[in-house]
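Q: Got data06.cif for you, mmCIF, C-alpha atoms:
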```cif
data_target
#
loop_
_atom_site.group_PDB
_atom_site.id
_atom_site.type_symbol
_atom_site.label_atom_id
_atom_site.label_comp_id
_atom_site.auth_asym_id
_atom_site.auth_seq_id
_atom_site.Cartn_x
_atom_site.Cartn_y
_atom_site.Cartn_z
ATOM 1 C CA MET C 1 -22.492 16.682 43.248
ATOM 2 C CA ARG C 2 -23.394 13.821 40.912
ATOM 3 C CA TYR C 3 -23.257 10.116 41.681
ATOM 4 C CA LEU C 4 -23.077 6.997 39.565
ATOM 5 C CA SER C 5 -23.040 3.637 41.255
ATOM 6 C CA ILE C 6 -22.501 0.369 39.451
ATOM 7 C CA LEU C 7 -23.649 -2.705 41.346
ATOM 8 C CA SER C 8 -22.615 -6.195 40.375
ATOM 9 C CA VAL C 9 -24.836 -9.239 40.233
ATOM 10 C CA MET C 10 -21.750 -11.175 41.300
ATOM 11 C CA PHE C 11 -19.449 -9.702 43.904
ATOM 12 C CA THR C 12 -18.524 -6.137 43.014
ATOM 13 C CA ALA C 13 -20.036 -2.696 43.189
ATOM 14 C CA LEU C 14 -18.847 0.384 41.333
ATOM 15 C CA LEU C 15 -19.719 3.936 42.424
ATOM 16 C CA PHE C 16 -19.240 7.025 40.262
ATOM 17 C CA THR C 17 -19.393 10.363 42.107
ATOM 18 C CA ASN C 18 -19.437 13.598 40.133
ATOM 19 C CA CYS C 19 -17.001 16.160 41.510
ATOM 20 C CA ASN C 20 -15.337 19.456 40.635
ATOM 21 C CA GLU C 21 -13.064 19.354 37.593
ATOM 22 C CA ASP C 22 -11.012 22.502 38.344
ATOM 23 C CA ASP C 23 -7.800 20.460 38.472
ATOM 24 C CA PHE C 24 -8.285 19.221 34.903
ATOM 25 C CA GLU C 25 -7.459 22.365 32.913
ATOM 26 C CA ASN C 26 -6.586 20.470 29.738
ATOM 27 C CA PHE C 27 -10.106 19.126 29.370
ATOM 28 C CA PRO C 28 -13.082 20.991 27.845
ATOM 29 C CA SER C 29 -14.622 23.554 30.199
ATOM 30 C CA ASP C 30 -17.964 21.755 30.081
ATOM 31 C CA SER C 31 -16.506 18.366 31.020
ATOM 32 C CA GLU C 32 -17.423 16.583 34.239
ATOM 33 C CA THR C 33 -15.288 14.577 36.655
ATOM 34 C CA TYR C 34 -16.520 11.428 38.365
ATOM 35 C CA THR C 35 -14.965 9.606 41.283
ATOM 36 C CA VAL C 36 -15.316 5.905 40.591
ATOM 37 C CA THR C 37 -15.357 3.452 43.496
ATOM 38 C CA PHE C 38 -15.319 -0.310 43.099
ATOM 39 C CA ASN C 39 -16.726 -1.900 46.267
ATOM 40 C CA LEU C 40 -15.543 -5.498 46.118
ATOM 41 C CA ASN C 41 -16.895 -8.461 48.036
ATOM 42 C CA TRP C 42 -15.359 -11.601 46.558
ATOM 43 C CA ASN C 43 -15.340 -13.896 49.575
ATOM 44 C CA SER C 44 -15.045 -17.615 50.318
ATOM 45 C CA THR C 45 -18.507 -17.857 51.882
ATOM 46 C CA ASP C 46 -20.439 -16.670 48.838
ATOM 47 C CA PHE C 47 -17.965 -18.110 46.308
ATOM 48 C CA PRO C 48 -16.515 -21.236 47.917
ATOM 49 C CA THR C 49 -15.620 -23.241 44.792
ATOM 50 C CA ASP C 50 -11.819 -23.265 44.459
ATOM 51 C CA TYR C 51 -11.658 -19.923 46.278
ATOM 52 C CA PRO C 52 -7.966 -18.943 46.208
ATOM 53 C CA SER C 53 -6.091 -18.167 49.409
ATOM 54 C CA ASN C 54 -4.527 -15.117 47.757
ATOM 55 C CA ALA C 55 -7.648 -13.579 46.176
ATOM 56 C CA HIS C 56 -7.030 -9.991 45.082
ATOM 57 C CA PHE C 57 -7.663 -7.441 42.329
ATOM 58 C CA SER C 58 -5.133 -5.742 40.076
ATOM 59 C CA LYS C 59 -4.773 -2.016 39.530
ATOM 60 C CA LEU C 60 -7.916 -0.456 38.106
ATOM 61 C CA ILE C 61 -7.357 0.821 34.567
ATOM 62 C CA GLY C 62 -9.624 2.427 32.025
ATOM 63 C CA TRP C 63 -10.669 5.469 30.051
ATOM 64 C CA SER C 64 -13.482 7.749 28.955
ATOM 65 C CA HIS C 65 -14.283 7.457 25.267
ATOM 66 C CA LEU C 66 -16.686 7.688 22.336
ATOM 67 C CA SER C 67 -19.879 5.725 22.826
ATOM 68 C CA THR C 68 -19.097 3.955 19.541
ATOM 69 C CA SER C 69 -15.717 2.612 20.678
ATOM 70 C CA THR C 70 -15.373 -1.159 20.322
ATOM 71 C CA PHE C 71 -12.297 -1.456 22.574
ATOM 72 C CA PHE C 72 -13.118 -4.121 25.227
ATOM 73 C CA LYS C 73 -16.349 -4.990 23.372
ATOM 74 C CA LEU C 74 -17.783 -8.488 23.690
ATOM 75 C CA GLY C 75 -17.016 -10.606 20.635
ATOM 76 C CA THR C 76 -13.850 -8.701 19.697
ATOM 77 C CA GLN C 77 -10.280 -9.948 20.030
ATOM 78 C CA ALA C 78 -8.492 -8.783 23.167
ATOM 79 C CA SER C 79 -5.552 -6.519 22.390
ATOM 80 C CA ALA C 80 -2.083 -7.293 23.734
ATOM 81 C CA GLY C 81 -2.788 -4.832 26.544
ATOM 82 C CA ILE C 82 -6.138 -6.338 27.503
ATOM 83 C CA LYS C 83 -4.525 -9.795 27.382
ATOM 84 C CA ASN C 84 -1.744 -8.782 29.748
ATOM 85 C CA MET C 85 -4.150 -7.039 32.128
ATOM 86 C CA ALA C 86 -6.439 -10.091 32.205
ATOM 87 C CA GLU C 87 -3.617 -12.625 32.657
ATOM 88 C CA THR C 88 -1.149 -10.785 34.899
ATOM 89 C CA GLY C 89 -2.881 -7.643 36.143
ATOM 90 C CA GLY C 90 -0.305 -5.478 34.372
ATOM 91 C CA THR C 91 -1.325 -2.013 33.141
ATOM 92 C CA SER C 92 1.216 -2.056 30.289
ATOM 93 C CA PRO C 93 0.906 -2.031 27.306
ATOM 94 C CA LEU C 94 -2.815 -1.338 27.870
ATOM 95 C CA ASP C 95 -2.016 2.163 29.116
ATOM 96 C CA GLU C 96 -0.185 2.951 25.861
ATOM 97 C CA GLU C 97 -2.963 1.437 23.748
ATOM 98 C CA ILE C 98 -5.468 3.706 25.468
ATOM 99 C CA LYS C 99 -3.153 6.711 25.116
ATOM 100 C CA ASN C 100 -2.827 6.077 21.380
ATOM 101 C CA ARG C 101 -6.595 5.898 20.982
ATOM 102 C CA ILE C 102 -6.996 9.162 22.909
ATOM 103 C CA GLU C 103 -4.488 10.824 20.565
ATOM 104 C CA LEU C 104 -6.754 9.750 17.685
ATOM 105 C CA ASP C 105 -9.698 11.449 19.483
ATOM 106 C CA GLU C 106 -11.401 8.148 20.284
ATOM 107 C CA GLY C 107 -11.048 8.926 23.999
ATOM 108 C CA LEU C 108 -10.613 11.782 26.470
ATOM 109 C CA ASP C 109 -9.104 10.598 29.762
ATOM 110 C CA ARG C 110 -6.956 7.615 30.792
ATOM 111 C CA VAL C 111 -6.819 6.538 34.428
ATOM 112 C CA ILE C 112 -4.916 3.996 36.525
ATOM 113 C CA GLY C 113 -5.960 3.397 40.107
ATOM 114 C CA SER C 114 -4.721 1.225 42.905
ATOM 115 C CA GLY C 115 -5.247 -2.505 43.258
ATOM 116 C CA LEU C 116 -6.712 -4.420 46.178
ATOM 117 C CA GLY C 117 -4.681 -6.962 48.127
ATOM 118 C CA THR C 118 -7.688 -9.051 49.168
ATOM 119 C CA GLY C 119 -11.012 -10.083 47.657
ATOM 120 C CA THR C 120 -12.962 -7.535 49.682
ATOM 121 C CA GLY C 121 -12.597 -3.772 49.949
ATOM 122 C CA SER C 122 -12.718 -0.810 47.581
ATOM 123 C CA ILE C 123 -10.730 0.912 44.831
ATOM 124 C CA SER C 124 -11.340 4.537 43.786
ATOM 125 C CA VAL C 125 -10.181 6.681 40.878
ATOM 126 C CA ASP C 126 -11.205 10.005 39.248
ATOM 127 C CA ILE C 127 -12.132 10.134 35.559
ATOM 128 C CA VAL C 128 -13.196 12.983 33.277
ATOM 129 C CA VAL C 129 -16.003 12.675 30.727
ATOM 130 C CA HIS C 130 -17.414 15.036 28.117
ATOM 131 C CA LYS C 131 -20.555 14.993 26.035
ATOM 132 C CA ASN C 132 -18.399 14.083 23.014
ATOM 133 C CA HIS C 133 -16.698 11.301 24.995
ATOM 134 C CA PRO C 134 -19.479 10.298 27.387
ATOM 135 C CA SER C 135 -18.702 6.632 28.022
ATOM 136 C CA VAL C 136 -16.452 4.990 30.582
ATOM 137 C CA THR C 137 -14.761 1.582 30.581
ATOM 138 C CA LEU C 138 -12.822 0.367 33.619
ATOM 139 C CA ALA C 139 -11.332 -3.049 34.372
ATOM 140 C CA THR C 140 -9.453 -4.947 37.058
ATOM 141 C CA MET C 141 -8.069 -8.481 36.913
ATOM 142 C CA LEU C 142 -9.764 -11.083 39.050
ATOM 143 C CA ALA C 143 -6.631 -12.566 40.570
ATOM 144 C CA PRO C 144 -5.375 -15.146 40.505
ATOM 145 C CA SER C 145 -7.116 -16.408 37.388
ATOM 146 C CA PRO C 146 -6.242 -17.534 33.856
ATOM 147 C CA ASP C 147 -7.598 -14.450 32.032
ATOM 148 C CA TRP C 148 -10.669 -13.231 33.896
ATOM 149 C CA TYR C 149 -11.408 -9.634 34.809
ATOM 150 C CA ALA C 150 -14.209 -7.567 36.326
ATOM 151 C CA ALA C 151 -15.221 -4.578 34.238
ATOM 152 C CA ALA C 152 -17.763 -1.903 33.502
ATOM 153 C CA VAL C 153 -17.778 -1.503 29.724
ATOM 154 C CA ASN C 154 -19.116 1.487 27.763
ATOM 155 C CA VAL C 155 -21.113 3.070 30.608
ATOM 156 C CA SER C 156 -22.579 6.364 29.387
ATOM 157 C CA LEU C 157 -22.655 9.288 31.842
ATOM 158 C CA TYR C 158 -24.310 11.746 29.456
ATOM 159 C CA GLU C 159 -27.897 11.067 28.455
ATOM 160 C CA ASN C 160 -30.687 13.166 26.966
ATOM 161 C CA GLY C 161 -28.432 16.220 26.722
ATOM 162 C CA ALA C 162 -27.260 16.217 30.336
ATOM 163 C CA TYR C 163 -24.667 14.680 32.623
ATOM 164 C CA LEU C 164 -26.137 12.115 34.977
ATOM 165 C CA ASP C 165 -26.482 12.891 38.679
ATOM 166 C CA GLN C 166 -26.358 9.207 39.539
ATOM 167 C CA LYS C 167 -26.702 5.851 37.905
ATOM 168 C CA THR C 168 -26.462 2.218 38.924
ATOM 169 C CA VAL C 169 -25.321 -0.495 36.524
ATOM 170 C CA ASP C 170 -24.013 -4.040 36.843
ATOM 171 C CA LEU C 171 -20.375 -4.996 36.737
ATOM 172 C CA ARG C 172 -19.612 -8.228 34.899
ATOM 173 C CA VAL C 173 -16.802 -10.739 34.828
ATOM 174 C CA TYR C 174 -15.193 -11.285 31.428
ATOM 175 C CA ASP C 175 -12.969 -13.926 29.844
ATOM 176 C CA ALA C 176 -10.308 -12.380 27.609
ATOM 177 C CA GLY C 177 -10.153 -15.483 25.402
ATOM 178 C CA THR C 178 -6.391 -15.807 25.740
ATOM 179 C CA ASP C 179 -5.902 -18.566 28.347
ATOM 180 C CA SER C 180 -7.775 -21.874 28.592
ATOM 181 C CA GLY C 181 -7.219 -22.517 32.310
ATOM 182 C CA LEU C 182 -10.274 -23.817 34.150
ATOM 183 C CA SER C 183 -9.763 -22.479 37.663
ATOM 184 C CA PHE C 184 -8.082 -19.676 39.547
ATOM 185 C CA ALA C 185 -4.713 -21.359 40.065
ATOM 186 C CA SER C 186 -4.532 -23.170 36.714
ATOM 187 C CA ALA C 187 -1.152 -23.201 34.983
ATOM 188 C CA ASN C 188 -0.755 -20.970 31.946
ATOM 189 C CA GLU C 189 -2.414 -22.557 28.923
ATOM 190 C CA ALA C 190 -2.487 -20.208 25.945
ATOM 191 C CA THR C 191 -5.691 -20.384 23.912
ATOM 192 C CA ASN C 192 -4.707 -21.109 20.311
ATOM 193 C CA PRO C 193 -6.185 -19.664 18.248
ATOM 194 C CA GLN C 194 -7.146 -16.771 20.479
ATOM 195 C CA ALA C 195 -10.883 -16.610 21.202
ATOM 196 C CA PRO C 196 -12.993 -13.447 21.373
ATOM 197 C CA ILE C 197 -13.853 -11.675 24.622
ATOM 198 C CA THR C 198 -16.886 -13.294 26.282
ATOM 199 C CA MET C 199 -18.872 -13.042 29.495
ATOM 200 C CA PHE C 200 -17.485 -15.420 32.099
ATOM 201 C CA VAL C 201 -20.380 -17.687 33.036
ATOM 202 C CA ASP C 202 -18.627 -20.956 33.886
ATOM 203 C CA ALA C 203 -17.413 -22.652 37.073
ATOM 204 C CA PRO C 204 -15.794 -21.892 39.474
ATOM 205 C CA LEU C 205 -17.785 -18.644 39.674
#
```
Can you present the structure in this file as structure tokens?

A:
Amino acid sequence: MRYLSILSVMFTALLFTNCNEDDFENFPSDSETYTVTFNLNWNSTDFPTDYPSNAHFSKLIGWSHLSTSTFFKLGTQASAGIKNMAETGGTSPLDEEIKNRIELDEGLDRVIGSGLGTGTGSISVDIVVHKNHPSVTLATMLAPSPDWYAAAVNVSLYENGAYLDQKTVDLRVYDAGTDSGLSFASANEATNPQAPITMFVDAPL
């Protein structure tokens, strides 16, 4: 069994566990399935500034895809789906955007997992990768917030001609560039014109 863990420098950890893909008959026979686990520890002690009383994370959503995909890439404009996920935690229309890209052979598997009702805990989901679609991107809204989300973007699980047994990478917090609010409970304030996706490096985090 293979493992991939993604540890955050902030407050989240993401674990990928390779498992049997017998239930995924529509995928290539040489594909691999990973169980992804976000271990979340966003708490008021470590992050006291404006810490919201209703801290939580939205449903986990993402896909496996070409390593050259620019969807979710820093410096690009957030799609309508990424915008809605980052601002409201909604998985639509992001799920359809991912589905359309998969139909164009840019991706292989689309997944939606559960959310988390508090700032601490874990979220798990299974995702299938293949050597032709070796990268994984997964995101969950940091909620409440204007347009901030925690994500692992373009994480490759196939290197040097083999699937990885385990790997640890950092999760990051991103700003979708669609809302100019300054803190978790800020009122909606659309960014006009829309800014590109950036790393979130400002207060209150």

Q: Give me the result of the PyMOL selection byres ((chain C and resi 174-186) around 10) on this file, residue by residue, as an NGL selection string.

A: :C and (49-55 or 72 or 74-80 or 82-87 or 139 or 141-152 or 171-173 or 187-205)

Q: Select, from C:Gly119, C:Gly89, C:Pro134, C:Gly161, the residue with the minimum atom-to-atom distance to Thr68 in chain C, counting all atoms listed in the file.

A: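 Of the candidates, the smallest distance to Thr68 in chain C is held by C:Pro134.
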
Q: Between CA of Thr35 in chain C and CA of Ser124 in chain C, what is the distance in Å, rounded to a tenth?

A: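 Straight-line distance from CA of Thr35 in chain C to CA of Ser124 in chain C works out to 6.7 Å.
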
Q: Find the spatial neighbours of Ala162 in chain C, counting only C-alpha atoms, within a cut-off of 12 Å - ignore same-chain residues fewer than 3 positions away - and output them as a list in words.

A: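 Those residues are Arg2, Asp30, Ser31, Glu32, Val129, His130, Lys131, Asn132, Pro134, Ser156, Leu157, Tyr158, Glu159, Asp165 and Gln166 of chain C.
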
Q: Evaluate the PyMOL selection byres ((chain C and resi 107) around 12) on the structure here and hand back the selected residues as a ChimeraX atom specification.

A: /C:27,62-71,97-106,108-111,127-137,154

Q: Just the number, please: distance in Å from CA of Asn43 in chain C to CA of Lys59 in chain C, one decimal.

A: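 Computing the Euclidean distance for CA of Asn43 in chain C and CA of Lys59 in chain C yields 18.8 Å.
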
Q: Considering only C-alpha atoms, can you say which of C:Val36, C:Leu138, C:Asp170, C:Asn160 comes closest to Thr91 in chain C?

A: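 Using only C-alpha atoms, Thr91 in chain C sits closest to C:Leu138.
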
Q: Work out how far CA of Phe38 in chain C is from CA of Thr118 in chain C, in Å to one decimal.

A: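 Between CA of Thr118 in chain C and CA of Phe38 in chain C the gap is 13.1 Å.
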
Q: Can you fill out range 107-119 of chain C with N, CA, C and O atoms and hand it back as a CSV table (one decimal), keeping the file's coordinate frame?

A:
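Saved to rebuild_27.csv:
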```csv
chain,number,residue,atom,x,y,z
C,107,GLY,N,-10.8,8.8,22.6
C,107,GLY,CA,-11.0,8.9,24.0
C,107,GLY,C,-10.6,10.3,24.5
C,107,GLY,O,-10.1,11.1,23.8
C,108,LEU,N,-10.9,10.5,25.8
C,108,LEU,CA,-10.6,11.8,26.5
C,108,LEU,C,-9.6,11.6,27.6
C,108,LEU,O,-8.6,12.4,27.7
C,109,ASP,N,-9.9,10.7,28.6
C,109,ASP,CA,-9.1,10.6,29.8
C,109,ASP,C,-8.7,9.1,30.0
C,109,ASP,O,-9.5,8.2,29.8
C,110,ARG,N,-7.5,8.9,30.4
C,110,ARG,CA,-7.0,7.6,30.8
C,110,ARG,C,-6.6,7.6,32.3
C,110,ARG,O,-6.0,8.6,32.8
C,111,VAL,N,-7.0,6.6,33.0
C,111,VAL,CA,-6.8,6.5,34.4
C,111,VAL,C,-6.3,5.2,34.9
C,111,VAL,O,-6.6,4.1,34.3
C,112,ILE,N,-5.4,5.2,35.9
C,112,ILE,CA,-4.9,4.0,36.5
C,112,ILE,C,-5.1,4.2,38.0
C,112,ILE,O,-4.5,5.2,38.6
C,113,GLY,N,-5.8,3.3,38.7
C,113,GLY,CA,-6.0,3.4,40.1
C,113,GLY,C,-5.2,2.3,40.8
C,113,GLY,O,-4.4,1.6,40.2
C,114,SER,N,-5.4,2.2,42.1
C,114,SER,CA,-4.7,1.2,42.9
C,114,SER,C,-5.4,-0.1,42.7
C,114,SER,O,-6.4,-0.3,42.1
C,115,GLY,N,-4.7,-1.2,43.2
C,115,GLY,CA,-5.2,-2.5,43.3
C,115,GLY,C,-5.8,-2.8,44.6
C,115,GLY,O,-5.9,-1.9,45.5
C,116,LEU,N,-6.2,-4.0,44.9
C,116,LEU,CA,-6.7,-4.4,46.2
C,116,LEU,C,-6.1,-5.7,46.6
C,116,LEU,O,-6.1,-6.7,45.8
C,117,GLY,N,-5.4,-5.8,47.7
C,117,GLY,CA,-4.7,-7.0,48.1
C,117,GLY,C,-5.5,-8.1,48.6
C,117,GLY,O,-4.9,-9.2,48.9
C,118,THR,N,-6.8,-8.0,48.8
C,118,THR,CA,-7.7,-9.1,49.2
C,118,THR,C,-8.9,-9.1,48.2
C,118,THR,O,-9.0,-8.3,47.3
C,119,GLY,N,-9.8,-10.0,48.5
C,119,GLY,CA,-11.0,-10.1,47.7
C,119,GLY,C,-12.1,-9.1,48.1
C,119,GLY,O,-13.1,-9.0,47.3
```
